[in-house]
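Asks: data_4.cif (mmCIF, C-alpha atoms (C1' of nucleotides)) pasted underneath:
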```cif
data_run
#
loop_
_atom_site.label_atom_id
_atom_site.label_comp_id
_atom_site.auth_asym_id
_atom_site.auth_seq_id
_atom_site.Cartn_x
_atom_site.Cartn_y
_atom_site.Cartn_z
CA MET A 1014 29.72 -16.24 6.57
CA ASN A 1015 27.72 -13.44 5.11
CA THR A 1016 30.19 -13.13 2.24
CA PRO A 1017 29.31 -15.84 -0.22
CA ARG A 1018 31.66 -14.17 -2.70
CA LEU A 1019 30.80 -10.51 -3.25
CA ARG A 1020 32.75 -8.50 -5.71
CA ALA A 1021 34.68 -5.56 -4.29
CA ASP A 1022 32.89 -2.85 -6.23
CA ALA A 1023 29.56 -4.45 -5.51
CA ALA A 1024 30.19 -4.32 -1.79
CA GLU A 1025 31.16 -0.69 -2.05
CA ASN A 1026 28.06 0.23 -3.95
CA ARG A 1027 25.88 -1.69 -1.57
CA ALA A 1028 27.40 0.04 1.42
CA ARG A 1029 27.04 3.43 -0.19
CA ILE A 1030 23.39 2.80 -0.97
CA VAL A 1031 22.64 1.86 2.62
CA GLU A 1032 24.59 4.82 3.90
CA VAL A 1033 22.66 7.24 1.72
CA ALA A 1034 19.36 5.58 2.55
CA ARG A 1035 20.05 5.82 6.26
CA ALA A 1036 20.84 9.50 5.95
CA VAL A 1037 17.72 10.21 3.93
CA VAL A 1038 15.48 8.24 6.25
CA ALA A 1039 16.98 9.89 9.32
CA SER A 1040 16.15 13.34 8.06
CA SER A 1041 12.73 12.76 6.55
CA ASP A 1042 11.42 9.22 7.07
CA GLU A 1043 10.83 9.10 3.34
CA LEU A 1044 12.44 6.75 0.92
CA LYS A 1045 12.33 7.41 -2.79
CA LEU A 1046 14.26 4.63 -4.41
CA ASN A 1047 15.33 6.45 -7.53
CA ALA A 1048 16.53 9.40 -5.46
CA ILE A 1049 18.62 7.08 -3.32
CA ALA A 1050 20.17 5.58 -6.42
CA ARG A 1051 21.01 8.99 -7.81
CA GLN A 1052 22.50 10.27 -4.57
CA ALA A 1053 24.50 7.11 -4.14
CA GLY A 1054 25.82 7.52 -7.66
CA VAL A 1055 24.52 4.21 -8.94
CA GLY A 1056 21.92 3.24 -11.51
CA GLN A 1057 18.43 2.09 -10.65
CA GLY A 1058 19.27 -1.42 -11.71
CA THR A 1059 22.12 -1.58 -9.24
CA LEU A 1060 19.93 -0.54 -6.37
CA TYR A 1061 17.24 -3.01 -7.28
CA ARG A 1062 19.67 -5.89 -7.55
CA HIS A 1063 21.00 -5.27 -4.10
CA PHE A 1064 17.55 -4.66 -2.65
CA PRO A 1065 14.80 -6.22 -4.75
CA THR A 1066 12.05 -4.57 -2.79
CA ARG A 1067 11.80 -1.39 -0.78
CA GLU A 1068 11.27 -3.53 2.29
CA ASP A 1069 14.60 -5.23 1.79
CA LEU A 1070 16.30 -1.87 1.86
CA LEU A 1071 14.33 -0.80 4.92
CA ALA A 1072 15.27 -4.00 6.65
CA GLU A 1073 18.93 -3.16 6.14
CA VAL A 1074 18.50 0.50 7.08
CA TYR A 1075 16.81 -0.39 10.34
CA ARG A 1076 18.87 -3.44 11.12
CA HIS A 1077 20.15 -1.98 14.35
CA GLU A 1078 16.70 -1.16 15.62
CA VAL A 1079 15.45 -4.60 14.75
CA GLU A 1080 18.41 -6.18 16.47
CA GLU A 1081 17.62 -4.21 19.56
CA LEU A 1082 14.13 -5.65 19.53
CA VAL A 1083 15.55 -9.12 19.14
CA GLU A 1084 17.88 -8.69 22.05
CA VAL A 1085 15.43 -7.18 24.46
CA ALA A 1086 12.97 -10.06 24.21
CA PRO A 1087 14.86 -12.48 26.49
CA VAL A 1088 15.60 -9.65 28.90
CA LEU A 1089 11.91 -8.87 29.22
CA LEU A 1090 11.14 -12.53 29.69
CA ALA A 1091 13.64 -12.74 32.51
CA GLU A 1092 12.13 -9.75 34.28
CA HIS A 1093 8.41 -10.28 33.82
CA ASP A 1094 5.79 -12.92 33.43
CA PRO A 1095 5.26 -13.86 29.79
CA VAL A 1096 2.17 -11.77 29.13
CA THR A 1097 3.69 -8.67 30.69
CA ALA A 1098 6.87 -9.30 28.74
CA LEU A 1099 4.87 -9.48 25.54
CA ALA A 1100 3.03 -6.30 26.45
CA ARG A 1101 6.30 -4.49 27.13
CA TRP A 1102 7.72 -5.76 23.89
CA PHE A 1103 4.68 -4.50 22.02
CA ASP A 1104 5.33 -1.14 23.60
CA ARG A 1105 8.85 -1.13 22.23
CA VAL A 1106 7.62 -1.98 18.76
CA ALA A 1107 5.05 0.78 18.98
CA ASP A 1108 7.68 3.28 20.08
CA TYR A 1109 9.76 2.54 17.03
CA ALA A 1110 6.81 2.36 14.70
CA ARG A 1111 5.59 5.73 15.77
CA VAL A 1112 8.80 7.62 15.19
CA LYS A 1113 9.96 5.75 12.15
CA ARG A 1114 7.21 4.05 10.26
CA GLY A 1115 9.81 2.10 8.34
CA VAL A 1116 10.89 0.12 11.36
CA PHE A 1117 7.70 -1.84 11.29
CA ALA A 1118 8.19 -2.67 7.64
CA ALA A 1119 11.63 -3.95 8.57
CA VAL A 1120 10.14 -6.10 11.31
CA GLU A 1121 7.51 -7.34 8.92
CA VAL A 1122 9.97 -8.42 6.28
CA GLY A 1123 12.04 -10.05 8.98
CA VAL A 1124 9.19 -12.32 9.94
CA TRP A 1125 7.91 -12.90 6.45
CA GLN A 1126 11.13 -13.76 4.69
CA ASP A 1127 11.97 -17.39 4.17
CA LEU A 1128 8.35 -18.35 4.07
CA SER A 1129 9.47 -21.43 2.24
CA ALA A 1130 12.33 -22.15 4.62
CA HIS A 1131 11.17 -23.02 8.10
CA SER A 1132 13.27 -20.30 9.62
CA LEU A 1133 11.55 -17.10 10.66
CA GLY A 1134 14.70 -15.08 11.03
CA PRO A 1135 15.89 -13.55 14.30
CA ILE A 1136 12.93 -11.26 14.76
CA GLY A 1137 10.50 -14.08 14.19
CA ASP A 1138 12.41 -16.17 16.69
CA ALA A 1139 12.21 -13.39 19.27
CA MET A 1140 8.47 -13.13 18.84
CA THR A 1141 8.14 -16.87 18.94
CA ALA A 1142 10.10 -17.00 22.19
CA LEU A 1143 7.70 -14.55 23.80
CA LEU A 1144 4.69 -16.47 22.61
CA GLU A 1145 6.05 -19.84 23.61
CA ALA A 1146 6.83 -18.64 27.11
CA GLY A 1147 3.23 -17.57 27.45
CA LYS A 1148 1.93 -20.83 26.07
CA ALA A 1149 4.10 -22.72 28.53
CA THR A 1150 2.42 -21.04 31.48
CA GLY A 1151 -0.96 -21.34 29.84
CA ALA A 1152 -1.39 -17.59 29.65
CA ILE A 1153 -1.20 -17.40 25.86
CA ARG A 1154 -3.45 -19.45 23.62
CA PRO A 1155 -1.54 -22.23 21.92
CA ASP A 1156 -2.87 -21.66 18.43
CA VAL A 1157 -1.10 -18.44 17.50
CA ASP A 1158 2.30 -17.85 15.97
CA ALA A 1159 4.64 -14.99 15.10
CA ARG A 1160 3.01 -14.37 11.73
CA ASP A 1161 -0.37 -14.06 13.36
CA VAL A 1162 0.98 -11.40 15.67
CA ILE A 1163 2.57 -9.46 12.82
CA LEU A 1164 -0.72 -9.48 10.95
CA LEU A 1165 -2.66 -8.29 13.95
CA ILE A 1166 -0.39 -5.44 14.91
CA GLY A 1167 0.10 -4.39 11.32
CA TYR A 1168 -2.57 -1.78 11.81
CA LEU A 1169 0.17 0.34 13.35
CA THR A 1170 1.42 1.21 9.91
CA ARG A 1171 -1.96 2.49 8.81
CA LEU A 1172 -2.50 4.79 11.74
CA ASP A 1173 -1.81 8.43 11.20
CA GLU A 1174 -0.26 10.74 13.74
CA GLU A 1175 -3.42 12.10 15.25
CA GLU A 1176 -5.20 8.80 15.70
CA TRP A 1177 -2.07 7.24 17.10
CA ASP A 1178 -2.48 8.60 20.59
CA THR A 1179 -6.01 7.41 21.03
CA ARG A 1180 -5.77 4.05 19.34
CA ALA A 1181 -2.28 2.58 19.04
CA ARG A 1182 -1.65 1.51 22.65
CA HIS A 1183 -5.24 0.81 23.30
CA LEU A 1184 -5.52 -1.63 20.43
CA LEU A 1185 -2.28 -3.33 21.39
CA GLY A 1186 -4.08 -4.12 24.62
CA VAL A 1187 -7.05 -5.51 22.74
CA VAL A 1188 -4.77 -7.67 20.62
CA LEU A 1189 -2.99 -8.89 23.71
CA ASP A 1190 -6.30 -9.90 25.21
CA GLY A 1191 -7.10 -11.78 22.04
CA LEU A 1192 -3.84 -13.67 22.33
CA ARG A 1193 -4.48 -14.73 25.91
CA SER A 1194 -6.06 -18.01 26.80
CA ARG A 1195 -9.65 -17.72 27.82
CA GLU A 1196 -9.91 -19.27 31.20
CA MET B 1005 -31.30 14.68 -2.28
CA ASN B 1006 -28.16 13.23 -3.72
CA THR B 1007 -28.42 15.57 -6.72
CA PRO B 1008 -27.14 18.91 -5.55
CA ARG B 1009 -27.17 20.02 -9.19
CA LEU B 1010 -25.21 17.68 -11.42
CA ARG B 1011 -24.81 18.47 -15.04
CA ALA B 1012 -26.33 15.97 -17.44
CA ASP B 1013 -23.12 15.02 -19.19
CA ALA B 1014 -21.35 14.76 -15.88
CA ALA B 1015 -23.90 12.26 -14.62
CA GLU B 1016 -23.51 10.24 -17.80
CA ASN B 1017 -19.77 10.15 -17.54
CA ARG B 1018 -19.90 9.22 -13.92
CA ALA B 1019 -22.28 6.38 -14.62
CA ARG B 1020 -20.17 5.13 -17.49
CA ILE B 1021 -17.04 5.17 -15.36
CA VAL B 1022 -18.70 3.10 -12.66
CA GLU B 1023 -20.13 0.72 -15.23
CA VAL B 1024 -16.75 0.14 -16.82
CA ALA B 1025 -15.07 -0.18 -13.44
CA ARG B 1026 -17.60 -2.76 -12.33
CA ALA B 1027 -17.05 -4.78 -15.47
CA VAL B 1028 -13.29 -4.66 -15.13
CA VAL B 1029 -13.35 -5.55 -11.46
CA ALA B 1030 -15.78 -8.39 -12.08
CA SER B 1031 -13.47 -10.03 -14.57
CA SER B 1032 -10.12 -9.46 -12.95
CA ASP B 1033 -10.36 -7.81 -9.53
CA GLU B 1034 -7.85 -5.29 -10.79
CA LEU B 1035 -8.43 -1.62 -11.14
CA LYS B 1036 -6.08 0.48 -13.21
CA LEU B 1037 -7.48 3.95 -13.11
CA ASN B 1038 -6.06 5.23 -16.36
CA ALA B 1039 -7.37 2.14 -18.14
CA ILE B 1040 -10.82 2.73 -16.73
CA ALA B 1041 -10.74 6.31 -17.95
CA ARG B 1042 -9.69 5.22 -21.41
CA GLN B 1043 -12.32 2.49 -21.69
CA ALA B 1044 -14.98 4.83 -20.41
CA GLY B 1045 -13.97 7.35 -23.03
CA VAL B 1046 -13.13 10.11 -20.57
CA GLY B 1047 -9.94 11.85 -19.61
CA GLN B 1048 -7.98 11.11 -16.48
CA GLY B 1049 -9.00 14.41 -15.00
CA THR B 1050 -12.65 13.55 -15.34
CA LEU B 1051 -12.23 10.28 -13.56
CA TYR B 1052 -10.29 11.86 -10.74
CA ARG B 1053 -12.83 14.60 -10.24
CA HIS B 1054 -15.63 12.12 -9.85
CA PHE B 1055 -13.57 9.81 -7.68
CA PRO B 1056 -10.68 11.60 -6.00
CA THR B 1057 -9.15 8.39 -4.72
CA ARG B 1058 -9.19 4.81 -5.87
CA GLU B 1059 -11.08 3.97 -2.70
CA ASP B 1060 -13.88 6.31 -3.60
CA LEU B 1061 -14.33 4.47 -6.87
CA LEU B 1062 -14.18 1.10 -5.14
CA ALA B 1063 -16.77 2.28 -2.66
CA GLU B 1064 -19.11 3.03 -5.53
CA VAL B 1065 -18.31 -0.18 -7.40
CA TYR B 1066 -19.04 -2.30 -4.37
CA ARG B 1067 -21.91 -0.27 -3.05
CA HIS B 1068 -24.33 -3.16 -3.35
CA GLU B 1069 -22.11 -5.50 -1.43
CA VAL B 1070 -21.57 -2.96 1.29
CA GLU B 1071 -25.29 -2.30 1.52
CA GLU B 1072 -25.86 -5.98 1.96
CA LEU B 1073 -23.49 -5.96 4.88
CA VAL B 1074 -25.31 -3.01 6.35
CA GLU B 1075 -28.66 -4.71 6.06
CA VAL B 1076 -27.66 -8.06 7.42
CA ALA B 1077 -26.36 -6.65 10.70
CA PRO B 1078 -29.77 -6.13 12.35
CA VAL B 1079 -30.93 -9.49 11.05
CA LEU B 1080 -28.02 -11.24 12.68
CA LEU B 1081 -28.64 -9.35 15.89
CA ALA B 1082 -32.23 -10.53 15.89
CA GLU B 1083 -31.23 -14.13 15.43
CA HIS B 1084 -28.22 -14.46 17.67
CA ASP B 1085 -26.65 -13.17 20.80
CA PRO B 1086 -24.45 -10.13 20.14
CA VAL B 1087 -21.10 -11.89 20.11
CA THR B 1088 -22.32 -14.61 17.78
CA ALA B 1089 -23.90 -11.97 15.59
CA LEU B 1090 -20.60 -10.14 15.40
CA ALA B 1091 -18.80 -13.37 14.61
CA ARG B 1092 -21.25 -14.17 11.82
CA TRP B 1093 -20.91 -10.67 10.49
CA PHE B 1094 -17.14 -11.02 10.44
CA ASP B 1095 -17.64 -14.16 8.43
CA ARG B 1096 -19.62 -12.26 5.85
CA VAL B 1097 -16.97 -9.61 5.60
CA ALA B 1098 -14.31 -12.27 5.20
CA ASP B 1099 -16.32 -13.99 2.48
CA TYR B 1100 -16.44 -10.81 0.47
CA ALA B 1101 -12.89 -9.84 1.20
CA ARG B 1102 -11.61 -13.16 -0.01
CA VAL B 1103 -13.28 -13.13 -3.37
CA LYS B 1104 -13.01 -9.45 -4.06
CA ARG B 1105 -10.27 -7.75 -2.18
CA GLY B 1106 -11.75 -4.40 -3.11
CA VAL B 1107 -14.82 -4.91 -0.97
CA PHE B 1108 -12.80 -4.44 2.14
CA ALA B 1109 -11.37 -1.20 0.81
CA ALA B 1110 -14.94 -0.09 0.22
CA VAL B 1111 -15.89 -0.98 3.77
CA GLU B 1112 -12.83 0.80 5.05
CA VAL B 1113 -13.58 4.02 3.24
CA GLY B 1114 -17.16 3.77 4.44
CA VAL B 1115 -16.08 3.81 8.06
CA TRP B 1116 -13.30 6.31 7.62
CA GLN B 1117 -15.06 8.96 5.64
CA ASP B 1118 -16.37 12.01 7.45
CA LEU B 1119 -13.76 11.69 10.13
CA SER B 1120 -14.41 15.33 10.85
CA ALA B 1121 -18.18 14.92 10.85
CA HIS B 1122 -19.44 12.73 13.64
CA SER B 1123 -21.22 10.44 11.25
CA LEU B 1124 -19.60 7.13 10.42
CA GLY B 1125 -21.73 6.37 7.40
CA PRO B 1126 -24.08 3.41 7.13
CA ILE B 1127 -21.40 0.75 7.37
CA GLY B 1128 -19.94 2.36 10.45
CA ASP B 1129 -23.39 2.50 11.95
CA ALA B 1130 -23.91 -1.18 11.28
CA MET B 1131 -20.67 -2.07 12.98
CA THR B 1132 -21.49 0.23 15.84
CA ALA B 1133 -24.87 -1.43 16.29
CA LEU B 1134 -23.22 -4.83 16.62
CA LEU B 1135 -20.70 -3.54 19.11
CA GLU B 1136 -23.26 -1.65 21.16
CA ALA B 1137 -25.47 -4.67 21.43
CA GLY B 1138 -22.55 -6.58 22.84
CA LYS B 1139 -21.66 -3.83 25.23
CA ALA B 1140 -25.25 -3.73 26.45
CA THR B 1141 -25.11 -7.36 27.52
CA GLY B 1142 -21.61 -6.92 28.87
CA ALA B 1143 -20.16 -9.37 26.40
CA ILE B 1144 -18.14 -6.80 24.48
CA ARG B 1145 -15.69 -4.47 26.18
CA PRO B 1146 -16.99 -0.93 26.33
CA ASP B 1147 -13.84 0.77 25.11
CA VAL B 1148 -13.85 -0.22 21.45
CA ASP B 1149 -15.50 1.38 18.47
CA ALA B 1150 -16.07 0.76 14.77
CA ARG B 1151 -12.77 2.27 13.74
CA ASP B 1152 -10.93 -0.01 16.12
CA VAL B 1153 -12.56 -3.00 14.53
CA ILE B 1154 -11.70 -1.85 11.04
CA LEU B 1155 -8.09 -1.40 12.04
CA LEU B 1156 -7.91 -4.83 13.62
CA ILE B 1157 -9.45 -6.77 10.77
CA GLY B 1158 -7.55 -4.79 8.17
CA TYR B 1159 -5.00 -7.58 8.03
CA LEU B 1160 -7.46 -9.33 5.71
CA THR B 1161 -6.28 -7.14 2.87
CA ARG B 1162 -2.67 -8.12 3.37
CA LEU B 1163 -3.26 -11.84 3.36
CA ASP B 1164 -2.52 -13.69 0.16
CA GLU B 1165 -4.52 -16.57 -1.20
CA GLU B 1166 -2.48 -19.37 0.28
CA GLU B 1167 -2.25 -17.99 3.79
CA TRP B 1168 -5.91 -17.11 3.77
CA ASP B 1169 -7.15 -20.57 4.59
CA THR B 1170 -4.95 -21.03 7.59
CA ARG B 1171 -5.12 -17.57 9.06
CA ALA B 1172 -8.09 -15.44 8.02
CA ARG B 1173 -10.87 -17.11 10.03
CA HIS B 1174 -8.61 -18.09 12.80
CA LEU B 1175 -7.46 -14.54 13.40
CA LEU B 1176 -10.99 -13.21 13.22
CA GLY B 1177 -11.59 -15.45 16.21
CA VAL B 1178 -8.60 -14.02 17.99
CA VAL B 1179 -9.79 -10.50 17.31
CA LEU B 1180 -13.24 -11.38 18.54
CA ASP B 1181 -11.76 -12.66 21.78
CA GLY B 1182 -9.87 -9.42 22.14
CA LEU B 1183 -13.10 -7.50 21.77
CA ARG B 1184 -14.87 -9.46 24.45
CA SER B 1185 -15.02 -8.35 28.02
CA ARG B 1186 -12.67 -10.24 30.28
CA GLU B 1187 -14.78 -11.57 33.04
"C1'" DG C 875 50.57 -9.81 -17.87
"C1'" DA C 876 47.01 -11.69 -21.13
"C1'" DT C 877 42.73 -14.18 -21.56
"C1'" DT C 878 38.24 -15.32 -20.30
"C1'" DA C 879 34.16 -16.44 -17.75
"C1'" DT C 880 31.38 -14.31 -14.61
"C1'" DT C 881 29.53 -10.87 -11.90
"C1'" DG C 882 27.92 -6.35 -11.61
"C1'" DT C 883 26.53 -1.89 -13.73
"C1'" DG C 884 23.54 1.93 -15.19
"C1'" DG C 885 20.30 4.18 -17.58
"C1'" DA C 886 16.64 3.83 -20.91
"C1'" DC C 887 12.13 2.23 -20.86
"C1'" DA C 888 7.32 0.93 -19.88
"C1'" DC C 889 3.85 1.57 -16.67
"C1'" DG C 890 0.53 3.50 -13.22
"C1'" DT C 891 -0.69 7.49 -10.31
"C1'" DG C 892 -2.29 11.89 -9.61
"C1'" DT C 893 -2.28 17.06 -10.85
"C1'" DC C 894 -2.92 21.06 -13.51
"C1'" DC C 895 -4.99 24.10 -16.59
"C1'" DG C 896 -6.54 25.80 -21.24
"C1'" DT C 897 -10.65 24.51 -23.73
"C1'" DT C 898 -15.30 22.90 -24.32
"C1'" DT C 899 -20.14 22.36 -23.22
"C1'" DA C 900 -24.39 22.66 -20.68
"C1'" DT C 901 -27.65 25.45 -18.67
"C1'" DA C 902 -29.73 29.71 -16.96
"C1'" DT C 903 -31.13 34.21 -18.50
"C1'" DA C 904 -32.96 37.41 -21.63
"C1'" DT D 1180 -32.39 31.86 -30.44
"C1'" DA D 1181 -28.30 34.43 -28.62
"C1'" DT D 1182 -25.34 35.16 -24.76
"C1'" DA D 1183 -22.93 34.65 -20.49
"C1'" DT D 1184 -21.02 31.94 -16.90
"C1'" DA D 1185 -20.15 28.33 -14.26
"C1'" DA D 1186 -19.41 23.45 -14.53
"C1'" DA D 1187 -17.09 19.83 -16.55
"C1'" DC D 1188 -13.72 17.98 -19.63
"C1'" DG D 1189 -9.46 15.69 -21.18
"C1'" DG D 1190 -4.97 15.05 -22.10
"C1'" DA D 1191 -0.31 16.58 -21.32
"C1'" DC D 1192 2.81 16.40 -17.65
"C1'" DA D 1193 5.65 15.34 -13.64
"C1'" DC D 1194 6.74 11.77 -10.68
"C1'" DG D 1195 7.91 7.20 -8.59
"C1'" DT D 1196 8.31 2.21 -9.37
"C1'" DG D 1197 10.34 -1.65 -11.23
"C1'" DT D 1198 12.42 -4.27 -15.41
"C1'" DC D 1199 15.58 -5.26 -18.94
"C1'" DC D 1200 19.80 -5.86 -21.22
"C1'" DA D 1201 23.98 -4.21 -23.81
"C1'" DC D 1202 28.12 -3.06 -21.75
"C1'" DA D 1203 31.95 -2.78 -18.28
"C1'" DA D 1204 34.71 -4.25 -14.49
"C1'" DT D 1205 36.53 -7.95 -11.73
"C1'" DA D 1206 38.84 -11.98 -10.40
"C1'" DA D 1207 40.30 -16.56 -11.64
"C1'" DT D 1208 43.29 -19.19 -14.82
"C1'" DC D 1209 47.02 -19.80 -17.54
#
```
Is it possible to express this structure as structure tokens?
Replies:
Amino acid sequence: MNTPRLRADAAENRARIVEVARAVVASSDELKLNAIARQAGVGQGTLYRHFPTREDLLAEVYRHEVEELVEVAPVLLAEHDPVTALARWFDRVADYARVKRGVFAAVEVGVWQDLSAHSLGPIGDAMTALLEAGKATGAIRPDVDARDVILLIGYLTRLDEEEWDTRARHLLGVVLDGLRSRE
Amino acid sequence: MNTPRLRADAAENRARIVEVARAVVASSDELKLNAIARQAGVGQGTLYRHFPTREDLLAEVYRHEVEELVEVAPVLLAEHDPVTALARWFDRVADYARVKRGVFAAVEVGVWQDLSAHSLGPIGDAMTALLEAGKATGAIRPDVDARDVILLIGYLTRLDEEEWDTRARHLLGVVLDGLRSRE
DNA sequence: GATTATTGTGGACACGTGTCCGTTTATATA
DNA sequence: TATATAAACGGACACGTGTCCACAATAATC
């Protein structure tokens, strides 16, 4: 399924790149592409063919985290009303984003990829599910979509450590209010 | 007042850098710092001493535009109710941001500078005035400030040309709703 | 196993950013 | 005008990004 013919050595290299990247990110949250290539014992070109942009690599590195976010969405919807579920989900995103800034980039690329295709990818679908549930009950305004939400909460990436505490959660609340229907 | 001793040649160089930068930005909206230095006939070091970051240079390049935004705020407040005034002001910002992406960076640096000092700078004051007016009538929630607004509308810089039309204005509306008091 | 088309490789290269520091130049003083 | 000193200069340098392409390895075919 996800092997549309991949040469053996290519797969090895790819795996090694991801492995090294994960290790580097885990210990420093930094990601210097050329350093990854060197440590993985491959050339720059090889790295860039496997992962054309830094975001593509981050998406792979943080795939587990993103999958967790995808999976928790329906759980939250089952337990709470749609707006609360969305709020809780925002909290999860913020938790990840705070510790590992790269997670948000991974989420971002997940929603942005396939702009041409109609698919949003799993993460986009998860966000869409949350929004649609809210629209169905009339709690969320009908004219917003997953991309809108990504754009609005993107400020999380530009917040530094010290402003995080005072602004991150607070502004998620403001955004949430903006997403609600005005009765 | 703004000349705490500045050597003659330094002033000349500074002026020439800004002049060149303005010309370059006007014709392409791009700003390659080393190219500016070369065209202005100064070394890289000189450019970086006058403008430590690219944003500082942008702030100077777009000073007129930013001043216009500062001045229009009280006018809008005189003509409209606070929320409408804020909405109109957002429109102005969006107009600038669309044509010249750098304007928003200039606004951003204007509000962010002097984080240590309590002053927000003129642009921050203008935004604050709009927000305070709204808080006074109860239309705007009391727990938001100028920095919050900058963070929220920062998505404008990450929007490309084709998504602009469908999302920029629309999301400004969403943000505005988030800023309103929930009655 | 040899041949061949194709896929993948890797490192040199061009570019932009930002820093550092030895040298130059303006200005105050005499 | 000569001198001292502090301010300003400028370009070399180190670094990270991303591209390009001659070459090498693989896997399919005979």
Asks: Report as a ChimeraX atom specification the residues that result from applying the PyMOL selection byres ((chain B) within 6 of (chain A)) to the structure here.
Replies: /B:1155,1159,1178-1179,1181-1182
Asks: Please write as a list of chain:residue names the full residue list that the PyMOL selection byres ((chain D) within 10 of (chain A)) yields on this file.
Replies: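 Applying the expression gives D:DG1195, D:DT1196, D:DG1197, D:DT1198, D:DC1199, D:DA1204, D:DT1205, D:DA1206.
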Asks: With a distance cut-off of 12 Å and all atoms listed in the file, select the neighbouring residues of DA1187 in chain D, excluding the residue or stretch itself and same-chain residues fewer than 5 positions from it, and output the selection as an MDAnalysis selection string.
Replies: (chainID B and resid 1010:1018 1046:1047 1049:1054) or (chainID C and resid 897:900)
Asks: Enumerate, as a ChimeraX atom specification, the residues matched when the PyMOL selection byres ((chain C) within 10 of (chain B)) is run on the file above.
Replies: /C:890-894,899-901
Asks: Could you list, as a ChimeraX atom specification, every residue within 7 Å of range 1070-1084 of chain B, counting only C-alpha atoms (C1' of nucleotides) and ignoring same-chain residues fewer than 6 positions away?
Replies: /B:1093,1111,1126-1127,1130,1134
Asks: May I have the residues from that selection written out with C-alpha atoms, as a compact mmCIF listing (two decimals), in the coordinates of the input?
Replies:
```
# COMPACT_ATOMS: atom_id res chain seq x y z
CA TRP B 1093 -20.91 -10.67 10.49
CA VAL B 1111 -15.89 -0.98 3.77
CA PRO B 1126 -24.08 3.41 7.13
CA ILE B 1127 -21.40 0.75 7.37
CA ALA B 1130 -23.91 -1.18 11.28
CA LEU B 1134 -23.22 -4.83 16.62
```
Asks: What does the structure give for the distance between CA of Val1022 in chain B and CA of Arg1102 in chain B, in Å to one decimal?
Replies: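 That distance, rounded to one decimal, is 21.8 Å.
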Asks: Contacts of DA876 in chain C at 12 Å or less, counting only C-alpha atoms (C1' of nucleotides), minus same-chain residues fewer than 2 places along, as a list in words?
Replies: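 In the requested form, the answer reads DT878 of chain C; DT1208 and DC1209 of chain D.
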Asks: Interatomic distance between CA of Ala1110 in chain B and CA of Glu1121 in chain A?
Replies: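 Taking CA of Ala1110 in chain B and CA of Glu1121 in chain A, their separation equals 25.1 Å.
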Asks: So that I can check the surroundings of DC895 in chain C, please list as a ChimeraX atom specification every protein, DNA and RNA residue that reaches within 12 Å of it, counting all atoms listed in the file and ignoring chain neighbours fewer than 3 positions away.
Replies: /B:1049 /D:1188-1192
